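K.L.:
This one is work15.txt, compact mmCIF, C-alpha atoms and all ligand atoms.
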# COMPACT_ATOMS: atom_id res chain seq x y z
CA MET O 1 71.29 133.65 112.64
CA SER O 2 73.40 134.48 109.59
CA SER O 3 74.30 131.48 107.52
CA PHE O 4 75.98 130.71 104.22
CA VAL O 5 76.46 127.81 101.87
CA ILE O 6 79.71 126.74 100.23
CA ASP O 7 78.34 125.13 97.10
CA ASN O 8 79.87 123.11 94.30
CA VAL O 9 82.76 121.48 96.15
CA THR O 10 84.28 118.04 96.50
CA ALA O 11 83.83 117.61 100.25
CA ILE O 12 86.46 115.53 102.01
CA PHE O 13 85.07 113.21 104.66
CA PRO O 14 87.12 110.76 106.75
CA ASP O 15 86.16 107.87 104.47
CA ARG O 16 85.81 109.48 101.05
CA ALA O 17 85.93 112.56 98.83
CA ALA O 18 82.40 113.44 97.65
CA PRO O 19 82.15 115.51 94.46
CA ASP O 20 79.16 117.82 93.82
CA SER O 21 78.65 118.60 97.50
CA ALA O 22 77.45 121.64 99.43
CA VAL O 23 78.04 122.58 103.06
CA LYS O 24 75.92 125.00 105.07
CA VAL O 25 77.53 127.01 107.87
CA GLY O 26 75.99 129.18 110.58
CA ASP O 27 77.03 130.57 113.97
CA GLY O 28 80.51 129.18 113.59
CA ALA O 29 79.36 125.60 113.10
CA ILE O 30 78.61 123.24 110.24
CA LEU O 31 74.82 122.98 109.98
CA GLU O 32 74.08 120.72 107.07
CA ILE O 33 75.65 118.77 104.21
CA GLY O 34 73.86 118.23 100.93
CA ARG O 35 74.14 117.73 97.20
CA ARG O 36 75.28 120.60 94.99
CA GLY O 37 72.49 123.18 94.61
CA SER O 38 70.29 121.63 97.27
CA LEU O 39 71.02 123.95 100.22
CA THR O 40 69.81 127.55 100.59
CA ALA O 41 71.07 130.51 102.63
CA GLU O 42 71.41 134.31 102.43
CA ASP O 43 74.87 133.90 100.94
CA VAL O 44 76.10 131.24 98.58
CA ILE O 45 79.83 130.92 97.89
CA ASP O 46 80.67 129.15 94.64
CA GLY O 47 83.37 126.61 95.49
CA GLU O 48 84.14 126.24 91.77
CA GLY O 49 84.64 122.50 92.09
CA LEU O 50 87.53 122.89 94.59
CA TYR O 51 88.12 120.48 97.45
CA LEU O 52 86.60 121.47 100.80
CA ALA O 53 88.30 119.86 103.79
CA PRO O 54 88.22 120.37 107.54
CA GLY O 55 90.85 122.98 108.50
CA PHE O 56 94.28 121.50 109.15
CA MET O 57 95.39 120.93 112.76
CA ASP O 58 99.14 121.10 113.36
CA ILE O 59 100.07 119.71 116.78
CA HIS O 60 103.85 120.03 116.48
CA VAL O 61 104.94 123.43 115.19
CA HIS O 62 107.49 125.90 116.57
CA GLY O 63 106.85 128.90 114.38
CA GLY O 64 106.65 130.43 110.92
CA GLY O 65 106.54 133.76 109.12
CA GLY O 66 109.68 134.83 111.01
CA GLY O 67 108.12 134.24 114.46
CA ASP O 68 108.77 131.51 117.01
CA PHE O 69 106.13 130.78 119.64
CA MET O 70 108.94 130.92 122.20
CA ASP O 71 109.66 134.58 121.48
CA ALA O 72 106.85 135.31 123.94
CA ASP O 73 105.64 138.38 122.10
CA ASP O 74 102.44 139.16 120.23
CA GLY O 75 104.23 140.00 116.98
CA SER O 76 105.83 136.56 116.72
CA PHE O 77 102.58 134.82 117.66
CA ARG O 78 100.70 136.77 115.01
CA ALA O 79 103.38 136.15 112.35
CA ALA O 80 103.53 132.40 112.94
CA LEU O 81 99.77 131.92 113.11
CA THR O 82 99.21 134.01 109.98
CA ALA O 83 101.88 132.17 107.98
CA HIS O 84 100.34 128.79 108.72
CA MET O 85 96.76 130.02 108.30
CA LYS O 86 97.53 131.03 104.72
CA HIS O 87 98.35 127.38 104.08
CA GLY O 88 95.15 125.96 105.53
CA THR O 89 95.94 125.51 109.22
CA THR O 90 93.03 126.48 111.45
CA SER O 91 94.18 124.92 114.74
CA ILE O 92 97.65 124.96 116.21
CA VAL O 93 99.42 123.46 119.20
CA PRO O 94 102.50 125.74 119.52
CA THR O 95 105.56 123.73 120.43
CA THR O 96 108.46 124.65 122.68
CA THR O 97 111.99 123.26 122.59
CA CYS O 98 114.07 122.52 125.70
CA THR O 99 114.44 125.59 127.85
CA ASP O 100 114.42 126.69 131.48
CA GLU O 101 111.50 127.23 133.81
CA ALA O 102 111.68 131.01 133.70
CA GLU O 103 111.40 131.13 129.93
CA LEU O 104 108.51 128.66 129.89
CA GLU O 105 106.69 130.89 132.35
CA ARG O 106 107.21 133.93 130.12
CA ILE O 107 105.91 131.97 127.12
CA PHE O 108 102.77 130.76 128.90
CA ASP O 109 102.03 134.25 130.25
CA SER O 110 102.38 135.89 126.89
CA ALA O 111 100.41 133.15 125.08
CA GLY O 112 97.60 133.29 127.63
CA ARG O 113 97.21 137.03 127.08
CA PHE O 114 97.33 136.67 123.29
CA ILE O 115 94.73 133.86 123.20
CA ALA O 116 92.33 136.01 125.25
CA SER O 117 92.82 139.10 123.05
CA PRO O 118 90.23 140.09 120.40
CA GLU O 119 92.85 139.71 117.69
CA ALA O 120 93.09 135.97 118.29
CA ALA O 121 89.55 135.46 116.97
CA GLY O 122 90.62 135.98 113.34
CA LEU O 123 93.58 133.60 113.57
CA PRO O 124 93.98 129.82 113.96
CA HIS O 125 92.74 128.41 117.26
CA VAL O 126 95.59 128.00 119.73
CA LEU O 127 94.69 124.78 121.50
CA GLY O 128 97.46 124.82 124.10
CA PHE O 129 101.13 123.89 124.01
CA HIS O 130 103.19 120.90 123.04
CA LEU O 131 106.27 120.81 125.26
CA GLU O 132 109.08 119.08 123.39
CA GLY O 133 111.32 118.48 126.37
CA PRO O 134 113.13 119.44 128.51
CA PHE O 135 112.88 115.82 129.78
CA ILE O 136 114.61 114.10 126.88
CA SER O 137 117.57 111.82 126.36
CA PRO O 138 120.83 113.80 126.13
CA GLY O 139 121.93 111.38 123.42
CA GLN O 140 118.88 112.11 121.25
CA ALA O 141 118.66 115.87 121.65
CA GLY O 142 118.79 116.48 117.88
CA ALA O 143 118.37 120.20 117.29
CA GLN O 144 117.57 120.82 120.96
CA ASP O 145 120.09 122.73 123.07
CA PRO O 146 121.68 120.11 125.40
CA LYS O 147 122.23 122.86 127.95
CA TYR O 148 118.54 122.74 128.88
CA VAL O 149 118.07 118.95 128.91
CA VAL O 150 117.19 117.79 132.45
CA PRO O 151 115.70 114.68 134.12
CA PRO O 152 111.95 114.63 134.92
CA GLU O 153 112.22 115.61 138.56
CA GLU O 154 108.76 115.75 140.11
CA GLY O 155 109.09 119.14 141.77
CA LEU O 156 110.11 120.69 138.47
CA TRP O 157 107.37 119.23 136.29
CA ARG O 158 104.74 120.07 138.88
CA ARG O 159 105.91 123.70 138.90
CA ILE O 160 105.82 123.80 135.07
CA VAL O 161 102.27 122.37 135.02
CA ASP O 162 101.10 124.85 137.67
CA GLY O 163 102.71 127.75 135.80
CA ALA O 164 101.05 126.73 132.53
CA ARG O 165 97.53 127.06 133.99
CA GLY O 166 95.99 124.42 131.73
CA LEU O 167 97.92 125.36 128.58
CA ILE O 168 99.82 122.05 128.21
CA ARG O 169 98.14 119.60 125.80
CA ILE O 170 101.04 117.36 124.73
CA TRP O 171 104.35 116.56 126.36
CA THR O 172 107.22 114.85 124.56
CA VAL O 173 109.15 113.02 127.27
CA ALA O 174 111.77 110.29 126.74
CA PRO O 175 110.03 107.39 128.50
CA GLU O 176 113.21 105.56 129.57
CA LEU O 177 114.23 108.38 131.92
CA PRO O 178 113.77 107.53 135.61
CA GLY O 179 110.44 109.03 136.69
CA ALA O 180 109.04 109.54 133.17
CA CYS O 181 106.38 106.83 133.39
CA GLU O 182 105.30 108.01 136.87
CA MET O 183 104.98 111.53 135.47
CA CYS O 184 102.85 110.19 132.62
CA ARG O 185 100.61 108.23 135.00
CA GLU O 186 100.04 111.38 137.06
CA LEU O 187 99.43 113.80 134.21
CA CYS O 188 97.64 111.83 131.49
CA GLY O 189 94.67 111.71 133.87
CA GLU O 190 94.71 115.52 133.77
CA GLY O 191 94.32 115.56 130.00
CA ILE O 192 97.97 115.89 128.97
CA VAL O 193 98.89 113.60 126.07
CA PHE O 194 102.26 111.87 126.46
CA SER O 195 104.38 111.39 123.38
CA ALA O 196 107.56 109.29 123.33
CA GLY O 197 110.40 111.04 121.56
CA HIS O 198 113.96 112.37 121.66
CA SER O 199 114.50 109.01 123.25
CA ASP O 200 116.99 106.19 123.61
CA ALA O 201 114.31 103.82 124.91
CA ALA O 202 114.84 100.11 124.44
CA TYR O 203 111.79 98.24 123.17
CA ASP O 204 110.87 97.13 126.70
CA ASP O 205 111.00 100.73 127.96
CA ALA O 206 108.53 101.65 125.21
CA VAL O 207 106.16 98.86 126.22
CA ARG O 208 106.28 100.11 129.82
CA ALA O 209 105.52 103.61 128.52
CA ILE O 210 102.42 102.36 126.72
CA GLU O 211 101.29 100.66 129.92
CA ALA O 212 101.82 103.95 131.78
CA GLY O 213 99.60 105.83 129.33
CA TYR O 214 101.78 107.09 126.48
CA THR O 215 99.60 107.36 123.35
CA MET O 216 101.88 109.04 120.80
CA ALA O 217 105.36 108.91 119.32
CA THR O 218 107.10 112.16 118.36
CA HIS O 219 108.35 112.60 114.78
CA LEU O 220 108.89 108.98 113.83
CA TYR O 221 112.49 108.15 112.78
CA SER O 222 113.88 111.49 114.03
CA SER O 223 115.80 111.53 117.35
CA MET O 224 114.56 108.04 118.20
CA SER O 225 116.26 104.76 119.16
CA THR O 226 116.18 101.86 116.73
CA ILE O 227 117.75 98.40 116.49
CA VAL O 228 121.18 97.99 118.09
CA ARG O 229 123.21 94.80 118.39
CA ARG O 230 124.38 93.66 121.81
CA ASN O 231 126.78 90.72 121.70
CA GLY O 232 125.33 89.94 118.29
CA TYR O 233 121.72 89.95 119.48
CA ARG O 234 119.42 92.51 117.95
CA VAL O 235 117.63 94.78 120.43
CA PRO O 236 114.73 96.80 118.97
CA GLY O 237 114.12 100.38 120.07
CA LEU O 238 111.37 102.97 120.22
CA LEU O 239 111.00 103.10 116.44
CA GLU O 240 110.09 99.42 116.24
CA ALA O 241 107.75 99.72 119.25
CA ALA O 242 105.99 102.69 117.66
CA MET O 243 105.61 100.84 114.39
CA LEU O 244 104.31 97.67 116.03
CA HIS O 245 101.95 98.97 118.71
CA ASP O 246 98.59 100.40 117.67
CA GLU O 247 98.41 102.22 121.01
CA LEU O 248 100.98 104.71 119.71
CA CYS O 249 99.78 107.18 117.13
CA CYS O 250 102.82 108.43 115.23
CA GLU O 251 103.77 111.96 114.26
CA VAL O 252 105.21 112.08 110.75
CA ILE O 253 107.06 115.09 109.33
CA ALA O 254 105.89 114.62 105.73
CA ASP O 255 107.72 117.63 104.32
CA GLY O 256 109.36 115.44 101.65
CA LYS O 257 112.79 116.13 103.20
CA HIS O 258 112.90 114.44 106.62
CA LEU O 259 111.68 111.09 105.30
CA PRO O 260 112.13 109.75 101.77
CA ALA O 261 109.15 108.28 99.92
CA PRO O 262 109.93 104.60 100.75
CA LEU O 263 109.86 105.37 104.49
CA LEU O 264 106.60 107.30 104.16
CA LYS O 265 105.16 104.29 102.35
CA LEU O 266 106.49 101.92 104.99
CA ILE O 267 104.93 103.99 107.79
CA TYR O 268 101.60 104.13 105.96
CA LYS O 269 101.66 100.39 105.29
CA THR O 270 102.48 99.65 108.91
CA LYS O 271 100.41 102.21 110.83
CA GLY O 272 97.52 102.70 108.40
CA PRO O 273 95.41 105.83 107.85
CA ASP O 274 94.18 106.16 111.46
CA ARG O 275 97.43 105.96 113.45
CA ILE O 276 99.44 108.67 111.68
CA VAL O 277 99.39 112.38 112.51
CA LEU O 278 101.08 114.69 110.01
CA VAL O 279 103.03 117.50 111.66
CA THR O 280 105.12 120.29 110.20
CA ASP O 281 107.64 120.64 113.08
CA ALA O 282 108.11 124.00 111.36
CA MET O 283 110.46 126.64 112.71
CA ARG O 284 110.28 130.39 112.16
CA GLY O 285 111.65 130.09 108.60
CA ALA O 286 108.40 128.52 107.34
CA GLY O 287 106.79 130.82 104.78
CA MET O 288 110.01 132.89 104.62
CA PRO O 289 112.98 133.12 102.21
CA ASP O 290 116.11 130.98 102.69
CA GLY O 291 118.62 132.33 105.20
CA ASP O 292 119.83 132.08 108.80
CA TYR O 293 117.23 131.87 111.58
CA ILE O 294 117.15 131.24 115.31
CA LEU O 295 115.48 127.99 116.36
CA GLY O 296 113.73 128.65 119.67
CA SER O 297 113.49 132.02 121.36
CA ARG O 298 115.47 135.02 120.15
CA SER O 299 117.28 135.22 123.48
CA GLN O 300 118.01 131.53 124.13
CA GLY O 301 117.69 129.80 120.75
CA GLN O 302 120.25 128.34 118.34
CA LEU O 303 121.29 129.66 114.95
CA VAL O 304 120.25 127.39 112.07
CA SER O 305 120.37 127.76 108.32
CA VAL O 306 117.44 127.34 105.90
CA PHE O 307 118.12 126.21 102.34
CA ASP O 308 116.84 123.51 99.99
CA GLY O 309 113.43 123.53 101.68
CA ILE O 310 114.64 122.56 105.17
CA ALA O 311 116.42 123.97 108.25
CA HIS O 312 119.94 122.65 108.85
CA MET O 313 122.04 122.61 112.02
CA PRO O 314 125.38 124.44 111.70
CA ASP O 315 127.24 121.08 111.70
CA GLY O 316 125.45 120.21 108.46
CA VAL O 317 124.83 116.71 109.81
CA SER O 318 121.30 117.00 111.19
CA PHE O 319 118.07 118.83 110.46
CA ALA O 320 116.74 121.55 112.73
CA GLY O 321 113.04 121.35 112.02
CA SER O 322 111.20 121.96 108.81
CA VAL O 323 109.94 124.98 106.91
CA ALA O 324 106.83 123.08 105.83
CA THR O 325 103.24 124.16 106.00
CA ALA O 326 100.29 121.79 106.35
CA ASP O 327 99.30 121.88 102.67
CA ARG O 328 102.76 120.60 101.74
CA LEU O 329 102.40 117.61 104.08
CA VAL O 330 99.14 116.56 102.43
CA ARG O 331 100.65 117.04 98.96
CA VAL O 332 103.71 114.93 99.82
CA MET O 333 101.63 112.10 101.30
CA VAL O 334 99.47 111.96 98.15
CA LYS O 335 102.21 112.40 95.56
CA GLU O 336 105.17 110.64 97.16
CA ALA O 337 103.56 108.05 99.43
CA GLY O 338 100.55 107.30 97.20
CA VAL O 339 98.04 107.86 100.00
CA PRO O 340 94.44 108.65 98.92
CA LEU O 341 93.69 112.35 99.41
CA HIS O 342 90.92 111.82 101.98
CA GLU O 343 93.27 109.71 104.11
CA ALA O 344 96.10 112.23 103.92
CA VAL O 345 93.63 114.91 105.02
CA LYS O 346 92.42 112.71 107.88
CA MET O 347 96.03 112.48 109.13
CA ILE O 348 96.06 116.23 109.76
CA THR O 349 92.43 116.77 110.78
CA LYS O 350 90.47 113.97 112.42
CA ASN O 351 93.49 112.03 113.75
CA PRO O 352 95.16 114.88 115.66
CA ALA O 353 91.75 116.09 116.90
CA ARG O 354 91.04 112.62 118.29
CA GLU O 355 94.47 112.30 119.89
CA ILE O 356 94.13 115.51 121.88
CA GLY O 357 90.41 115.14 122.54
CA GLU O 358 88.98 117.94 120.38
CA ALA O 359 85.55 116.40 119.83
CA LYS O 360 84.14 119.19 117.61
CA LYS O 361 87.05 119.52 115.21
CA GLY O 362 88.62 117.61 112.35
CA GLU O 363 85.58 116.55 110.36
CA ILE O 364 82.96 117.99 108.03
CA ALA O 365 79.84 116.93 109.88
CA PRO O 366 76.79 118.72 111.32
CA GLY O 367 77.56 120.22 114.72
CA PHE O 368 81.31 120.40 114.10
CA ASP O 369 83.20 123.71 114.18
CA ALA O 370 83.17 125.49 110.83
CA ASP O 371 86.96 125.45 110.42
CA LEU O 372 87.37 124.70 106.73
CA VAL O 373 89.86 124.93 103.90
CA LEU O 374 89.33 125.12 100.13
CA PHE O 375 92.13 123.87 97.86
CA ASP O 376 92.77 122.77 94.31
CA GLY O 377 94.00 119.44 92.93
CA ASP O 378 97.61 120.25 93.88
CA VAL O 379 96.58 121.23 97.43
CA ASN O 380 97.12 124.93 96.78
CA VAL O 381 94.98 126.71 99.36
CA LYS O 382 92.28 128.96 97.90
CA GLY O 383 90.23 129.81 100.96
CA VAL O 384 90.23 129.36 104.74
CA PHE O 385 87.35 129.64 107.22
CA ILE O 386 87.82 129.81 110.97
CA SER O 387 84.70 129.50 113.17
CA GLY O 388 82.61 130.16 110.08
CA ARG O 389 84.45 133.36 109.19
CA ARG O 390 86.41 133.62 105.95
CA VAL O 391 90.00 134.60 106.82
CA VAL O 392 91.85 133.77 103.56
ZN ZN X 401 109.91 119.96 117.17
Would it be possible to restate this file's structure as C-alpha cells?
Ligand SMILES: [Zn+2]
P.N.:
Amino acid sequence: MSSFVIDNVTAIFPDRAAPDSAVKVGDGAILEIGRRGSLTAEDVIDGEGLYLAPGFMDIHVHGGGGGDFMDADDGSFRAALTAHMKHGTTSIVPTTTCTDEAELERIFDSAGRFIASPEAAGLPHVLGFHLEGPFISPGQAGAQDPKYVVPPEEGLWRRIVDGARGLIRIWTVAPELPGACEMCRELCGEGIVFSAGHSDAAYDDAVRAIEAGYTMATHLYSSMSTIVRRNGYRVPGLLEAAMLHDELCCEVIADGKHLPAPLLKLIYKTKGPDRIVLVTDAMRGAGMPDGDYILGSRSQGQLVSVFDGIAHMPDGVSFAGSVATADRLVRVMVKEAGVPLHEAVKMITKNPAREIGEAKKGEIAPGFDADLVLFDGDVNVKGVFISGRRVV
C-alpha cells in the first residue's frame, strides 16, 4: 500500500487548529495523525506550516468556470468542477434551478454518465443533486424563472425521483405549498434532505415543516418570508423559524455580498458553529471575468450580469447567485464575522457532511476519506487532495 505523510501543518479539527501536526494518508484514506516529524512513509510532503483542512463540501452550487451543471454536457461539468476544485472544494452537490421534467431528465442522464467516467476520479466527488425547485413560492422565485414554478403534485415529483435514479440528495421545496409536507414525509425516509426555501411560509407553516422532517433552510435571508404585520399584529415567517429552531441547519451564502457583516454575526450568534452550512450558490461566472452569463442551462436559462463580485438580475434589484468559491466563504466568515477559523471550516466540511449523511467526509480523522486542502493564513489554496491523490 503506497502511503505518504503531509508533515509540518496546522491541522484543522472540528474543535481546534493544531499547529505542528502531521497527517498520514494511504489508499485514499486518512491513516494516522501525529506530531510534526513523528510519522514515516515512502513520501513526505513538507506542508511548510500551512493549514491542512478537510476538503470543502459545497452543497448548493450551480456552476463555475463558465459551466452550469444544467448544461448537461461533459465540458460544463468538467469546467465547473475544476474551477471549484482549484479553490479547495473536494465534494459538490450540483444544484438545479426551476425547470421542466424533460430538462431534469437530460441533466440526470448526462451527470450519471459523467460520474461513472474515468475522468471523474481526478475531480471533486459529485455526491448527487440539490434540486432548488421547481416546487417553490411564485412570490419568492428570486432569480428563478417563474415560468417553471409549479405546485408539488405527487405524480410529478414521483416521476422526477424515478428519473433521477438515486441522484437527488437535497430538495429545496417551499413548505407552505399544499402537498409539500406530505412529499417530505414520503421522501426524507428515502434519504432526500428537505430544505425550506424560496418560500412565503408563515411561522406556523415552518413548524409543520419541521414536524414533517425538514432539516435545512435554503440560503438564509434570500427569497424567504420574514415578519409581516396583519392588522397591526406581527406575524413571523420562515426566517424567524429558521433562526429559532435548532432542527433547521441553515445555508449561508457568505460571499461578503449577499449578507453584510452584522447579519453574518447575527446568524452565527443565533445558530452557533454547528447549525450553519456555508454554500457558494455560485453560478457559471465563478472563477471567470466579469460579464454577461446565463443562469441555468444554455437553452432555458436567464441572462444575468456579473460585476462587483456578484451576479445581478437584469432589473438590477436582486442578485442572481454568487461568483464565490469555498475559500472565499471561509475567509469572509473569519474576517467579517469574526468566527474562529476552525469553526468556519467546520461550516463547510463537517456540517454539510453530517446534514447529507456522508459519514466518512468532513473531518481529519483516521478512517476518513483523504479529501484535504492546504491553505495559507488568508485562505489562499496551495494544495488539494482528492481520495489521497494530489490534484492541485
Ligand atoms: Zn441556488
K.L.:
If you count all atoms listed in the file, which residues end up within 12 Å of ligand ZN 401 (chain X), as a PyMOL selection string?
P.N.:
chain O and resi 58-63+68-69+93-98+129-134+141-144+170-172+195+197-198+218-220+222-223+251-253+279-284+295-296+311+319-323
K.L.:
Just the residues within 8 Å of O:Glu48, please, counting only C-alpha atoms, with nothing from its chain fewer than 4 positions along; format it as a PyMOL selection string.
P.N.:
chain O and resi 7-9
K.L.:
May I have the residues from that selection written out with C-alpha atoms, as a PDB file, keeping the file's coordinate frame?
P.N.:
ATOM      1  CA  ASP O   7      78.340 125.130  97.100  1.00  0.00           C
ATOM      2  CA  ASN O   8      79.870 123.110  94.300  1.00  0.00           C
ATOM      3  CA  VAL O   9      82.760 121.480  96.150  1.00  0.00           C
TER       4      VAL O   9
END
K.L.:
Which is closest to O:Lys147 among O:Ala174, O:Arg113, O:Gly287, O:Thr99, if we use all atoms listed in the file?
P.N.:
O:Thr99
K.L.:
Record the distance separating atom CA of O:Arg35 and atom CA of O:Gly122, expressed in Å with one decimal.
P.N.:
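If I compute the distance from atom CA of O:Arg35 to atom CA of O:Gly122, I get 29.4 Å.
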K.L.:
What are the centre and edge lengths in Å, to one decimal, of the axis-aligned box around all listed atoms of stretch 125-138 of chain O with 4 Å added on each side, as lines of an AutoDock Vina configuration file?
P.N.:
center_x = 106.8
center_y = 120.1
center_z = 123.5
size_x = 36.1
size_y = 24.6
size_z = 20.5
K.L.:
From the block I gave, I'd like stretch 339-356 of chain O written with N, CA and C atoms, as a short mmCIF file (atom, residue, chain, number, x, y, z; two decimals), in the first residue's frame.
P.N.:
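selection-v4.cif, written as the output of this step:
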data_model
loop_
_atom_site.label_atom_id
_atom_site.label_comp_id
_atom_site.auth_asym_id
_atom_site.auth_seq_id
_atom_site.Cartn_x
_atom_site.Cartn_y
_atom_site.Cartn_z
N VAL O 339 -15.50 34.77 13.11
CA VAL O 339 -15.64 33.37 13.50
C VAL O 339 -14.25 32.73 13.55
N PRO O 340 -13.94 31.93 14.59
CA PRO O 340 -12.64 31.24 14.61
C PRO O 340 -12.48 30.36 13.36
N LEU O 341 -11.26 30.29 12.85
CA LEU O 341 -11.02 29.57 11.59
C LEU O 341 -11.53 28.13 11.63
N HIS O 342 -11.30 27.42 12.73
CA HIS O 342 -11.71 26.00 12.74
C HIS O 342 -13.24 25.86 12.68
N GLU O 343 -13.95 26.88 13.20
CA GLU O 343 -15.42 26.82 13.12
C GLU O 343 -15.91 27.17 11.71
N ALA O 344 -15.27 28.15 11.10
CA ALA O 344 -15.64 28.49 9.71
C ALA O 344 -15.42 27.29 8.80
N VAL O 345 -14.30 26.58 9.02
CA VAL O 345 -14.02 25.38 8.22
C VAL O 345 -15.07 24.30 8.48
N LYS O 346 -15.44 24.14 9.75
CA LYS O 346 -16.46 23.13 10.08
C LYS O 346 -17.77 23.39 9.33
N MET O 347 -18.09 24.67 9.11
CA MET O 347 -19.35 25.03 8.44
C MET O 347 -19.37 24.63 6.96
N ILE O 348 -18.21 24.28 6.42
CA ILE O 348 -18.21 23.85 5.01
C ILE O 348 -17.52 22.49 4.85
N THR O 349 -17.43 21.76 5.97
CA THR O 349 -16.85 20.40 5.92
C THR O 349 -17.74 19.44 6.73
N LYS O 350 -17.54 19.46 8.03
CA LYS O 350 -18.26 18.51 8.89
C LYS O 350 -19.78 18.75 8.88
N ASN O 351 -20.20 20.03 8.92
CA ASN O 351 -21.64 20.31 8.99
C ASN O 351 -22.40 19.82 7.75
N PRO O 352 -21.95 20.22 6.53
CA PRO O 352 -22.68 19.70 5.37
C PRO O 352 -22.60 18.17 5.26
N ALA O 353 -21.45 17.60 5.62
CA ALA O 353 -21.32 16.13 5.54
C ALA O 353 -22.34 15.46 6.46
N ARG O 354 -22.49 16.02 7.66
CA ARG O 354 -23.48 15.46 8.61
C ARG O 354 -24.90 15.62 8.07
N GLU O 355 -25.20 16.78 7.51
CA GLU O 355 -26.57 17.04 7.05
C GLU O 355 -27.00 16.08 5.95
N ILE O 356 -26.07 15.71 5.07
CA ILE O 356 -26.47 14.81 3.98
C ILE O 356 -26.04 13.37 4.23
#
